[in-house]
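Listing of query-v8.txt; format and content: compact mmCIF, N, CA and C atoms.
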# COMPACT_ATOMS: atom_id res chain seq x y z
N MET A 1 89.37 74.86 125.91
CA MET A 1 90.63 75.13 126.58
C MET A 1 91.23 73.84 127.13
N GLY A 2 90.37 72.95 127.57
CA GLY A 2 90.86 71.67 128.08
C GLY A 2 91.56 70.87 127.00
N LEU A 3 90.98 70.86 125.79
CA LEU A 3 91.61 70.14 124.68
C LEU A 3 92.95 70.77 124.31
N LEU A 4 93.03 72.09 124.39
CA LEU A 4 94.30 72.76 124.10
C LEU A 4 95.37 72.37 125.11
N VAL A 5 94.98 72.31 126.38
CA VAL A 5 95.94 71.91 127.42
C VAL A 5 96.39 70.47 127.21
N VAL A 6 95.46 69.58 126.89
CA VAL A 6 95.81 68.17 126.66
C VAL A 6 96.72 68.05 125.44
N ALA A 7 96.38 68.76 124.35
CA ALA A 7 97.21 68.70 123.14
C ALA A 7 98.61 69.23 123.41
N THR A 8 98.71 70.31 124.18
CA THR A 8 100.03 70.86 124.52
C THR A 8 100.82 69.86 125.37
N PHE A 9 100.16 69.23 126.32
CA PHE A 9 100.83 68.23 127.17
C PHE A 9 101.34 67.07 126.34
N VAL A 10 100.51 66.58 125.41
CA VAL A 10 100.92 65.46 124.55
C VAL A 10 102.09 65.86 123.66
N ALA A 11 102.04 67.07 123.10
CA ALA A 11 103.12 67.53 122.23
C ALA A 11 104.42 67.66 123.01
N VAL A 12 104.37 68.21 124.21
CA VAL A 12 105.58 68.37 125.01
C VAL A 12 106.11 67.01 125.44
N ALA A 13 105.22 66.09 125.79
CA ALA A 13 105.67 64.76 126.20
C ALA A 13 106.31 64.02 125.03
N GLU A 14 105.77 64.21 123.82
CA GLU A 14 106.34 63.54 122.65
C GLU A 14 107.71 64.11 122.32
N ILE A 15 107.86 65.44 122.42
CA ILE A 15 109.17 66.05 122.16
C ILE A 15 110.17 65.64 123.23
N GLY A 16 109.70 65.57 124.49
CA GLY A 16 110.59 65.19 125.58
C GLY A 16 111.04 63.74 125.48
N ALA A 17 110.28 62.89 124.81
CA ALA A 17 110.63 61.48 124.69
C ALA A 17 111.78 61.26 123.72
N LYS A 18 112.02 62.20 122.84
CA LYS A 18 113.10 62.06 121.87
C LYS A 18 114.44 62.35 122.55
N ARG A 19 115.46 61.61 122.18
CA ARG A 19 116.79 61.84 122.71
C ARG A 19 117.55 62.84 121.85
N VAL A 20 117.10 63.01 120.61
CA VAL A 20 117.77 63.90 119.67
C VAL A 20 116.92 65.14 119.48
N ALA A 21 117.56 66.28 119.35
CA ALA A 21 116.82 67.51 119.12
C ALA A 21 116.04 67.42 117.81
N PRO A 22 114.87 68.05 117.72
CA PRO A 22 114.09 67.98 116.49
C PRO A 22 114.88 68.50 115.30
N GLY A 23 114.86 67.77 114.21
CA GLY A 23 115.57 68.17 113.00
C GLY A 23 117.02 67.73 112.95
N ARG A 24 117.49 67.00 113.96
CA ARG A 24 118.89 66.59 114.00
C ARG A 24 119.11 65.14 113.58
N ASP A 25 118.04 64.40 113.32
CA ASP A 25 118.23 63.00 112.94
C ASP A 25 118.64 62.91 111.47
N GLU A 26 119.23 61.75 111.11
CA GLU A 26 119.78 61.60 109.77
C GLU A 26 118.69 61.51 108.69
N ALA A 27 117.54 60.91 109.02
CA ALA A 27 116.50 60.68 108.02
C ALA A 27 115.85 61.99 107.57
N GLY A 28 115.80 62.99 108.42
CA GLY A 28 115.19 64.26 108.06
C GLY A 28 113.72 64.32 108.40
N GLY A 29 113.07 63.21 108.44
CA GLY A 29 111.67 63.18 108.83
C GLY A 29 110.72 63.55 107.70
N ARG A 30 109.46 63.47 108.04
CA ARG A 30 108.42 63.76 107.06
C ARG A 30 108.40 65.23 106.66
N TYR A 31 108.67 66.13 107.60
CA TYR A 31 108.68 67.56 107.29
C TYR A 31 109.70 67.89 106.21
N GLU A 32 110.91 67.38 106.34
CA GLU A 32 111.95 67.63 105.35
C GLU A 32 111.57 67.06 103.99
N ALA A 33 110.93 65.89 103.99
CA ALA A 33 110.51 65.29 102.73
C ALA A 33 109.45 66.13 102.04
N ILE A 34 108.48 66.65 102.82
CA ILE A 34 107.41 67.48 102.24
C ILE A 34 107.98 68.78 101.72
N VAL A 35 108.85 69.43 102.51
CA VAL A 35 109.45 70.69 102.08
C VAL A 35 110.30 70.49 100.83
N GLY A 36 111.04 69.41 100.79
CA GLY A 36 111.86 69.13 99.60
C GLY A 36 111.02 68.89 98.36
N THR A 37 109.94 68.14 98.51
CA THR A 37 109.05 67.87 97.38
C THR A 37 108.37 69.14 96.89
N LEU A 38 107.86 69.95 97.82
CA LEU A 38 107.22 71.21 97.43
C LEU A 38 108.23 72.16 96.79
N GLY A 39 109.44 72.17 97.28
CA GLY A 39 110.48 73.01 96.67
C GLY A 39 110.81 72.58 95.25
N ASP A 40 110.88 71.27 95.03
CA ASP A 40 111.13 70.76 93.68
C ASP A 40 109.99 71.12 92.74
N VAL A 41 108.76 71.01 93.22
CA VAL A 41 107.59 71.36 92.39
C VAL A 41 107.59 72.85 92.08
N ALA A 42 107.91 73.68 93.08
CA ALA A 42 107.88 75.13 92.88
C ALA A 42 108.98 75.60 91.92
N ARG A 43 110.05 74.84 91.77
CA ARG A 43 111.14 75.24 90.87
C ARG A 43 110.94 74.74 89.44
N THR A 44 109.83 74.07 89.17
CA THR A 44 109.55 73.54 87.84
C THR A 44 108.88 74.62 86.98
N PRO A 45 109.43 74.95 85.81
CA PRO A 45 108.83 75.98 84.97
C PRO A 45 107.42 75.65 84.49
N VAL A 46 107.11 74.38 84.33
CA VAL A 46 105.77 74.00 83.87
C VAL A 46 104.73 74.39 84.93
N VAL A 47 105.06 74.24 86.19
CA VAL A 47 104.13 74.62 87.26
C VAL A 47 103.86 76.12 87.21
N TRP A 48 104.91 76.91 86.98
CA TRP A 48 104.72 78.37 86.89
C TRP A 48 103.86 78.73 85.69
N ALA A 49 104.08 78.07 84.55
CA ALA A 49 103.29 78.37 83.35
C ALA A 49 101.83 77.99 83.55
N VAL A 50 101.57 76.82 84.11
CA VAL A 50 100.20 76.38 84.34
C VAL A 50 99.51 77.29 85.36
N SER A 51 100.23 77.70 86.39
CA SER A 51 99.67 78.61 87.39
C SER A 51 99.31 79.95 86.77
N PHE A 52 100.20 80.47 85.94
CA PHE A 52 99.93 81.75 85.27
C PHE A 52 98.69 81.66 84.39
N VAL A 53 98.61 80.60 83.60
CA VAL A 53 97.45 80.43 82.73
C VAL A 53 96.18 80.26 83.56
N GLY A 54 96.25 79.50 84.63
CA GLY A 54 95.08 79.31 85.49
C GLY A 54 94.59 80.59 86.13
N ILE A 55 95.52 81.39 86.65
CA ILE A 55 95.14 82.66 87.27
C ILE A 55 94.58 83.61 86.23
N THR A 56 95.18 83.64 85.04
CA THR A 56 94.69 84.51 83.98
C THR A 56 93.28 84.12 83.56
N VAL A 57 93.04 82.83 83.41
CA VAL A 57 91.70 82.36 83.03
C VAL A 57 90.69 82.66 84.14
N LEU A 58 91.08 82.49 85.40
CA LEU A 58 90.19 82.77 86.52
C LEU A 58 89.80 84.25 86.55
N VAL A 59 90.78 85.14 86.49
CA VAL A 59 90.50 86.57 86.56
C VAL A 59 89.76 87.03 85.31
N GLY A 60 90.24 86.63 84.14
CA GLY A 60 89.59 87.05 82.89
C GLY A 60 88.19 86.48 82.76
N GLY A 61 88.00 85.23 83.12
CA GLY A 61 86.68 84.62 83.05
C GLY A 61 85.68 85.25 83.99
N SER A 62 86.12 85.56 85.21
CA SER A 62 85.20 86.19 86.16
C SER A 62 84.83 87.60 85.72
N ILE A 63 85.78 88.33 85.12
CA ILE A 63 85.45 89.68 84.60
C ILE A 63 84.49 89.56 83.43
N LEU A 64 84.75 88.64 82.50
CA LEU A 64 83.85 88.48 81.35
C LEU A 64 82.45 88.07 81.79
N LEU A 65 82.36 87.14 82.72
CA LEU A 65 81.05 86.73 83.21
C LEU A 65 80.36 87.85 83.99
N GLY A 66 81.16 88.68 84.66
CA GLY A 66 80.58 89.75 85.47
C GLY A 66 80.05 90.91 84.64
N VAL A 67 80.73 91.28 83.57
CA VAL A 67 80.31 92.45 82.80
C VAL A 67 79.58 92.07 81.52
N GLY A 68 79.67 90.83 81.08
CA GLY A 68 78.99 90.41 79.86
C GLY A 68 77.54 90.08 80.13
N SER A 69 76.77 89.99 79.09
CA SER A 69 75.35 89.64 79.24
C SER A 69 75.18 88.16 78.90
N PHE A 70 75.53 87.32 79.85
CA PHE A 70 75.45 85.88 79.65
C PHE A 70 74.29 85.27 80.42
N GLY A 71 73.34 86.08 80.86
CA GLY A 71 72.18 85.58 81.59
C GLY A 71 72.46 85.27 83.04
N ILE A 72 73.55 85.79 83.57
CA ILE A 72 73.89 85.56 84.99
C ILE A 72 73.13 86.60 85.82
N PRO A 73 72.57 86.20 86.97
CA PRO A 73 71.89 87.18 87.82
C PRO A 73 72.81 88.34 88.20
N GLU A 74 72.22 89.51 88.40
CA GLU A 74 73.01 90.71 88.63
C GLU A 74 73.84 90.63 89.92
N GLY A 75 73.28 90.03 90.95
CA GLY A 75 74.02 89.89 92.20
C GLY A 75 75.25 89.01 92.05
N LEU A 76 75.12 87.94 91.27
CA LEU A 76 76.26 87.05 91.04
C LEU A 76 77.31 87.71 90.16
N ALA A 77 76.85 88.54 89.20
CA ALA A 77 77.80 89.24 88.33
C ALA A 77 78.67 90.19 89.14
N GLY A 78 78.07 90.91 90.07
CA GLY A 78 78.86 91.80 90.93
C GLY A 78 79.83 91.03 91.80
N THR A 79 79.40 89.86 92.26
CA THR A 79 80.28 89.03 93.08
C THR A 79 81.47 88.53 92.27
N LEU A 80 81.24 88.16 91.02
CA LEU A 80 82.34 87.69 90.17
C LEU A 80 83.37 88.79 89.92
N VAL A 81 82.91 90.01 89.71
CA VAL A 81 83.83 91.13 89.53
C VAL A 81 84.61 91.38 90.83
N SER A 82 83.92 91.27 91.97
CA SER A 82 84.61 91.44 93.26
C SER A 82 85.65 90.35 93.47
N VAL A 83 85.36 89.13 93.04
CA VAL A 83 86.34 88.04 93.15
C VAL A 83 87.56 88.34 92.29
N ALA A 84 87.34 88.89 91.11
CA ALA A 84 88.47 89.25 90.24
C ALA A 84 89.32 90.34 90.88
N TYR A 85 88.67 91.36 91.45
CA TYR A 85 89.41 92.42 92.14
C TYR A 85 90.21 91.85 93.32
N LEU A 86 89.59 90.94 94.05
CA LEU A 86 90.26 90.32 95.19
C LEU A 86 91.47 89.51 94.75
N ALA A 87 91.33 88.75 93.66
CA ALA A 87 92.44 87.94 93.17
C ALA A 87 93.60 88.82 92.72
N VAL A 88 93.31 89.90 92.01
CA VAL A 88 94.38 90.80 91.57
C VAL A 88 95.02 91.49 92.77
N GLY A 89 94.21 91.89 93.74
CA GLY A 89 94.77 92.51 94.95
C GLY A 89 95.67 91.57 95.72
N LEU A 90 95.24 90.30 95.86
CA LEU A 90 96.08 89.32 96.55
C LEU A 90 97.38 89.06 95.80
N LEU A 91 97.32 89.04 94.48
CA LEU A 91 98.55 88.87 93.70
C LEU A 91 99.51 90.04 93.93
N LEU A 92 98.99 91.26 93.93
CA LEU A 92 99.85 92.42 94.15
C LEU A 92 100.45 92.41 95.55
N VAL A 93 99.63 92.09 96.55
CA VAL A 93 100.15 92.02 97.92
C VAL A 93 101.21 90.92 98.02
N GLY A 94 100.96 89.79 97.37
CA GLY A 94 101.95 88.70 97.37
C GLY A 94 103.25 89.11 96.73
N PHE A 95 103.17 89.84 95.60
CA PHE A 95 104.39 90.30 94.95
C PHE A 95 105.16 91.27 95.83
N VAL A 96 104.47 92.19 96.48
CA VAL A 96 105.15 93.15 97.35
C VAL A 96 105.82 92.43 98.52
N PHE A 97 105.05 91.55 99.18
CA PHE A 97 105.60 90.85 100.34
C PHE A 97 106.76 89.94 99.95
N LEU A 98 106.53 89.09 98.95
CA LEU A 98 107.58 88.14 98.57
C LEU A 98 108.79 88.83 97.95
N GLY A 99 108.58 89.93 97.24
CA GLY A 99 109.71 90.68 96.70
C GLY A 99 110.62 91.20 97.79
N ALA A 100 110.02 91.80 98.81
CA ALA A 100 110.82 92.30 99.94
C ALA A 100 111.45 91.14 100.71
N TYR A 101 110.70 90.06 100.88
CA TYR A 101 111.22 88.90 101.61
C TYR A 101 112.45 88.32 100.92
N PHE A 102 112.32 88.03 99.62
CA PHE A 102 113.44 87.41 98.91
C PHE A 102 114.60 88.38 98.72
N ALA A 103 114.33 89.67 98.60
CA ALA A 103 115.42 90.65 98.52
C ALA A 103 116.22 90.67 99.82
N THR A 104 115.53 90.55 100.93
CA THR A 104 116.22 90.52 102.23
C THR A 104 116.99 89.22 102.40
N ARG A 105 116.36 88.10 102.03
CA ARG A 105 117.03 86.81 102.17
C ARG A 105 118.25 86.70 101.26
N SER A 106 118.20 87.32 100.07
CA SER A 106 119.34 87.22 99.15
C SER A 106 120.54 88.02 99.64
N ARG A 107 120.32 88.89 100.60
CA ARG A 107 121.43 89.67 101.17
C ARG A 107 122.02 89.01 102.40
N GLY A 108 121.63 87.76 102.66
CA GLY A 108 122.25 86.98 103.73
C GLY A 108 121.57 87.10 105.08
N LEU A 109 120.42 87.77 105.15
CA LEU A 109 119.72 87.88 106.43
C LEU A 109 118.79 86.68 106.60
N GLY A 110 118.26 86.51 107.81
CA GLY A 110 117.47 85.34 108.14
C GLY A 110 116.00 85.45 107.74
N ASN A 111 115.26 84.39 108.07
CA ASN A 111 113.84 84.35 107.76
C ASN A 111 113.07 85.45 108.49
N ALA A 112 113.40 85.67 109.76
CA ALA A 112 112.69 86.69 110.53
C ALA A 112 112.89 88.08 109.92
N HIS A 113 114.11 88.34 109.45
CA HIS A 113 114.36 89.63 108.80
C HIS A 113 113.57 89.76 107.51
N GLY A 114 113.47 88.67 106.77
CA GLY A 114 112.70 88.68 105.53
C GLY A 114 111.22 88.92 105.78
N VAL A 115 110.68 88.25 106.79
CA VAL A 115 109.26 88.45 107.13
C VAL A 115 109.03 89.87 107.61
N ALA A 116 109.95 90.41 108.39
CA ALA A 116 109.81 91.79 108.85
C ALA A 116 109.85 92.77 107.68
N ALA A 117 110.77 92.56 106.75
CA ALA A 117 110.85 93.45 105.59
C ALA A 117 109.61 93.33 104.71
N GLY A 118 109.12 92.11 104.52
CA GLY A 118 107.91 91.91 103.73
C GLY A 118 106.70 92.54 104.39
N SER A 119 106.58 92.39 105.69
CA SER A 119 105.47 93.00 106.42
C SER A 119 105.55 94.52 106.37
N LEU A 120 106.74 95.05 106.51
CA LEU A 120 106.92 96.50 106.46
C LEU A 120 106.58 97.04 105.07
N ALA A 121 107.02 96.35 104.02
CA ALA A 121 106.72 96.80 102.65
C ALA A 121 105.22 96.72 102.37
N THR A 122 104.58 95.63 102.80
CA THR A 122 103.14 95.48 102.59
C THR A 122 102.37 96.54 103.36
N GLY A 123 102.76 96.78 104.60
CA GLY A 123 102.10 97.82 105.40
C GLY A 123 102.30 99.20 104.81
N ALA A 124 103.49 99.49 104.32
CA ALA A 124 103.75 100.79 103.71
C ALA A 124 102.92 100.97 102.44
N ALA A 125 102.81 99.91 101.65
CA ALA A 125 101.97 99.98 100.44
C ALA A 125 100.51 100.19 100.81
N GLY A 126 100.05 99.56 101.88
CA GLY A 126 98.68 99.76 102.35
C GLY A 126 98.44 101.19 102.82
N LEU A 127 99.42 101.75 103.53
CA LEU A 127 99.29 103.14 103.97
C LEU A 127 99.25 104.10 102.79
N VAL A 128 100.07 103.85 101.78
CA VAL A 128 100.05 104.69 100.58
C VAL A 128 98.70 104.59 99.90
N LEU A 129 98.15 103.38 99.81
CA LEU A 129 96.85 103.19 99.18
C LEU A 129 95.74 103.92 99.95
N VAL A 130 95.74 103.83 101.27
CA VAL A 130 94.75 104.54 102.08
C VAL A 130 94.90 106.05 101.93
N THR A 131 96.13 106.54 101.92
CA THR A 131 96.37 107.97 101.77
C THR A 131 95.89 108.48 100.42
N VAL A 132 96.18 107.74 99.36
CA VAL A 132 95.72 108.13 98.03
C VAL A 132 94.19 108.12 97.98
N GLN A 133 93.57 107.14 98.61
CA GLN A 133 92.11 107.07 98.62
C GLN A 133 91.51 108.27 99.37
N LEU A 134 92.11 108.63 100.50
CA LEU A 134 91.57 109.75 101.28
C LEU A 134 91.79 111.09 100.60
N VAL A 135 92.92 111.26 99.94
CA VAL A 135 93.22 112.54 99.30
C VAL A 135 92.48 112.70 97.98
N PHE A 136 92.52 111.67 97.14
CA PHE A 136 92.00 111.81 95.79
C PHE A 136 90.65 111.12 95.57
N SER A 137 90.19 110.32 96.52
CA SER A 137 88.92 109.60 96.43
C SER A 137 88.83 108.83 95.12
N VAL A 138 89.79 107.94 94.92
CA VAL A 138 89.92 107.18 93.67
C VAL A 138 88.79 106.17 93.53
N VAL A 139 88.49 105.42 94.58
CA VAL A 139 87.47 104.37 94.53
C VAL A 139 86.22 104.88 95.21
N GLY A 140 85.12 104.77 94.53
CA GLY A 140 83.81 105.12 95.11
C GLY A 140 83.66 106.56 95.29
Rewrite the coordinates I just gave you, this time as C-alpha cells.
Amino acid sequence: MGLLVVATFVAVAEIGAKRVAPGRDEAGGRYEAIVGTLGDVARTPVVWAVSFVGITVLVGGSILLGVGSFGIPEGLAGTLVSVAYLAVGLLLVGFVFLGAYFATRSRGLGNAHGVAAGSLATGAAGLVLVTVQLVFSVVG
C-alpha cells in the first residue's frame, strides 16, 4: 500500500508539473505514436491473414495432437483439447464484444457506449449459454 501511495503521489506530481493538459501538446507524445503504429499494423491485410493462419494452425494442431495417437500422454492430450476449446471460446466472445462495440461506435456514440454495448451483448450471450446448459444439459 505504501508503494501505491508513493506511485500515486509521483504520478500526480508529474501531471501537475506540466503546464499543458495531457494530450494537448503538438508532438502527441509516445502514447500517440504507439497507438498510431498499432493502428497501422492492425489495418494491414497481411497481418489479418497471418493471424488467421496462426490461429487455425494453433486450434487445429492442438485438436489433432489431443485426439490423435501421437504418443502424447493422456493428461496432456486432454489439456490440448481444452486449450483448443478455450481458444475458440475466446474468439467467439471477442467477436460478440467487438461486433457490438464497433456497431455502437459506427453510429456516432462514444467509447463508453461501445464498451457498455459490448459488455451487455457478451453478458446476454453468457446468460443464453447458461440457460441452454441448464435446460438441455448440452455439455457433460
Note to self: When you look at Ser62 of chain A with a cut-off of 12 Å (counting only C-alpha atoms), what residues show up, excluding the ones that are within fewer than 5 positions of it in the same chain? I need them as number ranges by chain.
What the structure shows: A: 55-57, 67-68, 70, 72, 76-88
Take the residues that were just selected and, keeping N, CA and C atoms, output them as an mmCIF file, in the coordinates of the input.
data_model
loop_
_atom_site.group_PDB
_atom_site.id
_atom_site.type_symbol
_atom_site.label_atom_id
_atom_site.label_comp_id
_atom_site.auth_asym_id
_atom_site.auth_seq_id
_atom_site.Cartn_x
_atom_site.Cartn_y
_atom_site.Cartn_z
ATOM 1 N N ILE A 55 95.520 81.390 86.650
ATOM 2 C CA ILE A 55 95.140 82.660 87.270
ATOM 3 C C ILE A 55 94.580 83.610 86.230
ATOM 4 N N THR A 56 95.180 83.640 85.040
ATOM 5 C CA THR A 56 94.690 84.510 83.980
ATOM 6 C C THR A 56 93.280 84.120 83.560
ATOM 7 N N VAL A 57 93.040 82.830 83.410
ATOM 8 C CA VAL A 57 91.700 82.360 83.030
ATOM 9 C C VAL A 57 90.690 82.660 84.140
ATOM 10 N N VAL A 67 80.730 91.280 83.570
ATOM 11 C CA VAL A 67 80.310 92.450 82.800
ATOM 12 C C VAL A 67 79.580 92.070 81.520
ATOM 13 N N GLY A 68 79.670 90.830 81.080
ATOM 14 C CA GLY A 68 78.990 90.410 79.860
ATOM 15 C C GLY A 68 77.540 90.080 80.130
ATOM 16 N N PHE A 70 75.530 87.320 79.850
ATOM 17 C CA PHE A 70 75.450 85.880 79.650
ATOM 18 C C PHE A 70 74.290 85.270 80.420
ATOM 19 N N ILE A 72 73.550 85.790 83.570
ATOM 20 C CA ILE A 72 73.890 85.560 84.990
ATOM 21 C C ILE A 72 73.130 86.600 85.820
ATOM 22 N N LEU A 76 75.120 87.940 91.270
ATOM 23 C CA LEU A 76 76.260 87.050 91.040
ATOM 24 C C LEU A 76 77.310 87.710 90.160
ATOM 25 N N ALA A 77 76.850 88.540 89.200
ATOM 26 C CA ALA A 77 77.800 89.240 88.330
ATOM 27 C C ALA A 77 78.670 90.190 89.140
ATOM 28 N N GLY A 78 78.070 90.910 90.070
ATOM 29 C CA GLY A 78 78.860 91.800 90.930
ATOM 30 C C GLY A 78 79.830 91.030 91.800
ATOM 31 N N THR A 79 79.400 89.860 92.260
ATOM 32 C CA THR A 79 80.280 89.030 93.080
ATOM 33 C C THR A 79 81.470 88.530 92.270
ATOM 34 N N LEU A 80 81.240 88.160 91.020
ATOM 35 C CA LEU A 80 82.340 87.690 90.170
ATOM 36 C C LEU A 80 83.370 88.790 89.920
ATOM 37 N N VAL A 81 82.910 90.010 89.710
ATOM 38 C CA VAL A 81 83.830 91.130 89.530
ATOM 39 C C VAL A 81 84.610 91.380 90.830
ATOM 40 N N SER A 82 83.920 91.270 91.970
ATOM 41 C CA SER A 82 84.610 91.440 93.260
ATOM 42 C C SER A 82 85.650 90.350 93.470
ATOM 43 N N VAL A 83 85.360 89.130 93.040
ATOM 44 C CA VAL A 83 86.340 88.040 93.150
ATOM 45 C C VAL A 83 87.560 88.340 92.290
ATOM 46 N N ALA A 84 87.340 88.890 91.110
ATOM 47 C CA ALA A 84 88.470 89.250 90.240
ATOM 48 C C ALA A 84 89.320 90.340 90.880
ATOM 49 N N TYR A 85 88.670 91.360 91.450
ATOM 50 C CA TYR A 85 89.410 92.420 92.140
ATOM 51 C C TYR A 85 90.210 91.850 93.320
ATOM 52 N N LEU A 86 89.590 90.940 94.050
ATOM 53 C CA LEU A 86 90.260 90.320 95.190
ATOM 54 C C LEU A 86 91.470 89.510 94.750
ATOM 55 N N ALA A 87 91.330 88.750 93.660
ATOM 56 C CA ALA A 87 92.440 87.940 93.170
ATOM 57 C C ALA A 87 93.600 88.820 92.720
ATOM 58 N N VAL A 88 93.310 89.900 92.010
ATOM 59 C CA VAL A 88 94.380 90.800 91.570
ATOM 60 C C VAL A 88 95.020 91.490 92.770
#
Check: Tell me, which residues of chain A carry DSSP helix (DSSP H, G or I), written as JSON, numbers by chain?
Finding: {"A": [2, 3, 4, 5, 6, 7, 8, 9, 10, 11, 12, 13, 14, 15, 16, 17, 29, 30, 31, 32, 33, 34, 35, 36, 37, 38, 39, 40, 41, 42, 45, 46, 47, 48, 49, 50, 51, 52, 53, 54, 55, 56, 57, 58, 59, 60, 61, 62, 63, 64, 65, 66, 67, 74, 75, 76, 77, 78, 79, 80, 81, 82, 83, 84, 85, 86, 87, 88, 89, 90, 91, 92, 93, 94, 95, 96, 97, 98, 99, 100, 101, 102, 103, 104, 105, 106, 111, 112, 113, 114, 115, 116, 117, 118, 119, 120, 121, 122, 123, 124, 125, 126, 127, 128, 129, 130, 131, 132, 133, 134, 135, 136]}
Notebook entry, point to check: Which distance in Å separates atom CA of Arg43 of chain A and atom CA of Leu98 of chain A, to one decimal?
Noted result: 15.4 Å
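Computed from the coordinates, the atom CA of Gly118 of chain A to atom CA of Leu90 of chain A distance equals 14.1 Å.
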Margin query: Just to confirm, what's the straight-line distance from atom N of Ser119 of chain A to atom N of Phe97 of chain A in Å (one decimal)?
Written below: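 So the two atoms, atom N of Ser119 of chain A and atom N of Phe97 of chain A, lie 6.7 Å apart.
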